[in-house]
Amino acid sequence: QKRLEDRRRLMPVIFIAGHGDIRMAVTAIKAGAIEFLTKPLEHQPLLDAVHEGIERSRSARQDEAAFLILRDRYASLTPRERQVMGLVVSGLLNKQVAGELGTSEITVKAHRGQVMRKMNADSFASLVRMGARLQLPLAGRH
């Protein structure tokens, strides 16, 4: 189980023991096992655990694929667009972003529009969530 720890999200672990105790079960669950079963196995708990594992794996793979798409979109931004995105998702107004970057508010609006388009963000809230998912550093306010 320890060797699989880095793959736990994509490959859930069902721990099956011939002789298990509470301490062993707690250790396995804390280490990421989705279930701890002891022999002799009952069919339904095992099937339930397998179904849960499949669902968790499917969900994790979808999340990872979505993150890779998001990361690729962010990589398509120019360095200036990345700066604008970081400042905007930090909560700065266009005027404040312009001051931070030493440019005009009109230019910031143009970059912000490009960022929204390239990131495929349908709203400001969506862009903020993308910034959080990408773990963009928050800009400090002056």
# chains A, B, ... in the order shown; residues from 1 in each chain; ligands from 1
$ residues_around --residues "Leu134 of chain A" --least-positions-apart "5" --cutoff "9 Å" --atoms "only C-alpha atoms" --output "ChimeraX atom specification"
/A:67,70-71,74,129
$ select_by_dssp --residues "segment 6-135 of chain A" --states "strand (DSSP E or B)" --output "list in words"
Ile14, Phe15, Ile16, Ala17, Glu35, Phe36, Leu37 and Thr38 of chain A
$ write_last_selection --atoms "C-alpha atoms" --output "PDB file, in the first residue's frame"
ATOM      1  CA  ILE A  14      -9.097  -2.120  -1.060  1.00  0.00           C
ATOM      2  CA  PHE A  15      -7.198  -3.741   1.778  1.00  0.00           C
ATOM      3  CA  ILE A  16      -8.001  -7.420   2.364  1.00  0.00           C
ATOM      4  CA  ALA A  17      -6.466  -9.222   5.335  1.00  0.00           C
ATOM      5  CA  GLU A  35     -12.073  -0.211   2.521  1.00  0.00           C
ATOM      6  CA  PHE A  36     -10.547  -2.735   4.901  1.00  0.00           C
ATOM      7  CA  LEU A  37     -12.075  -6.214   4.604  1.00  0.00           C
ATOM      8  CA  THR A  38     -11.198  -9.386   6.437  1.00  0.00           C
TER       9      THR A  38
END
$ atom_distance --atom1 "atom CA of Leu92 of chain A" --atom2 "atom CA of Arg117 of chain A"
19.3 Å
$ residues_around --residues "Gly113 of chain A" --least-positions-apart "3" --cutoff "12 Å" --atoms "only C-alpha atoms" --output "list of chain:residue names"
A:Leu77, A:Glu81, A:Val84, A:Met85, A:Val88, A:Asn94, A:Ile106, A:Thr107, A:Val108, A:Lys109, A:Ala110, A:Met116, A:Arg117, A:Lys118, A:Met119, A:Asn120, A:Ala121, A:Asp122, A:Ser123, A:Phe124, A:Leu127
$ residues_around --residues "Asp63 of chain A" --least-positions-apart "5" --cutoff "12 Å" --atoms "only C-alpha atoms" --output "ChimeraX atom specification"
/A:9-10,56-58,68-70,133
$ write_last_selection --atoms "C-alpha atoms" --output "PDB file, in the first residue's frame"
ATOM      1  CA  ARG A   9      -6.230   8.887  -6.390  1.00  0.00           C
ATOM      2  CA  LEU A  10      -6.088   7.050  -9.701  1.00  0.00           C
ATOM      3  CA  ARG A  56     -13.270   7.296  -7.418  1.00  0.00           C
ATOM      4  CA  SER A  57     -10.765   6.367 -10.106  1.00  0.00           C
ATOM      5  CA  ARG A  58     -13.044   7.594 -12.898  1.00  0.00           C
ATOM      6  CA  LEU A  68      -4.314  19.321 -17.886  1.00  0.00           C
ATOM      7  CA  ILE A  69      -6.615  21.196 -20.272  1.00  0.00           C
ATOM      8  CA  LEU A  70      -6.670  24.159 -17.883  1.00  0.00           C
ATOM      9  CA  ARG A 133      -7.144  25.531  -9.333  1.00  0.00           C
TER      10      ARG A 133
END
$ select_by_dssp --residues "segment 45-110 of chain A" --states "helix (DSSP H, G or I)" --output "VMD selection string"
chain A and resid 45 to 75 79 to 89 94 to 101 105 to 110
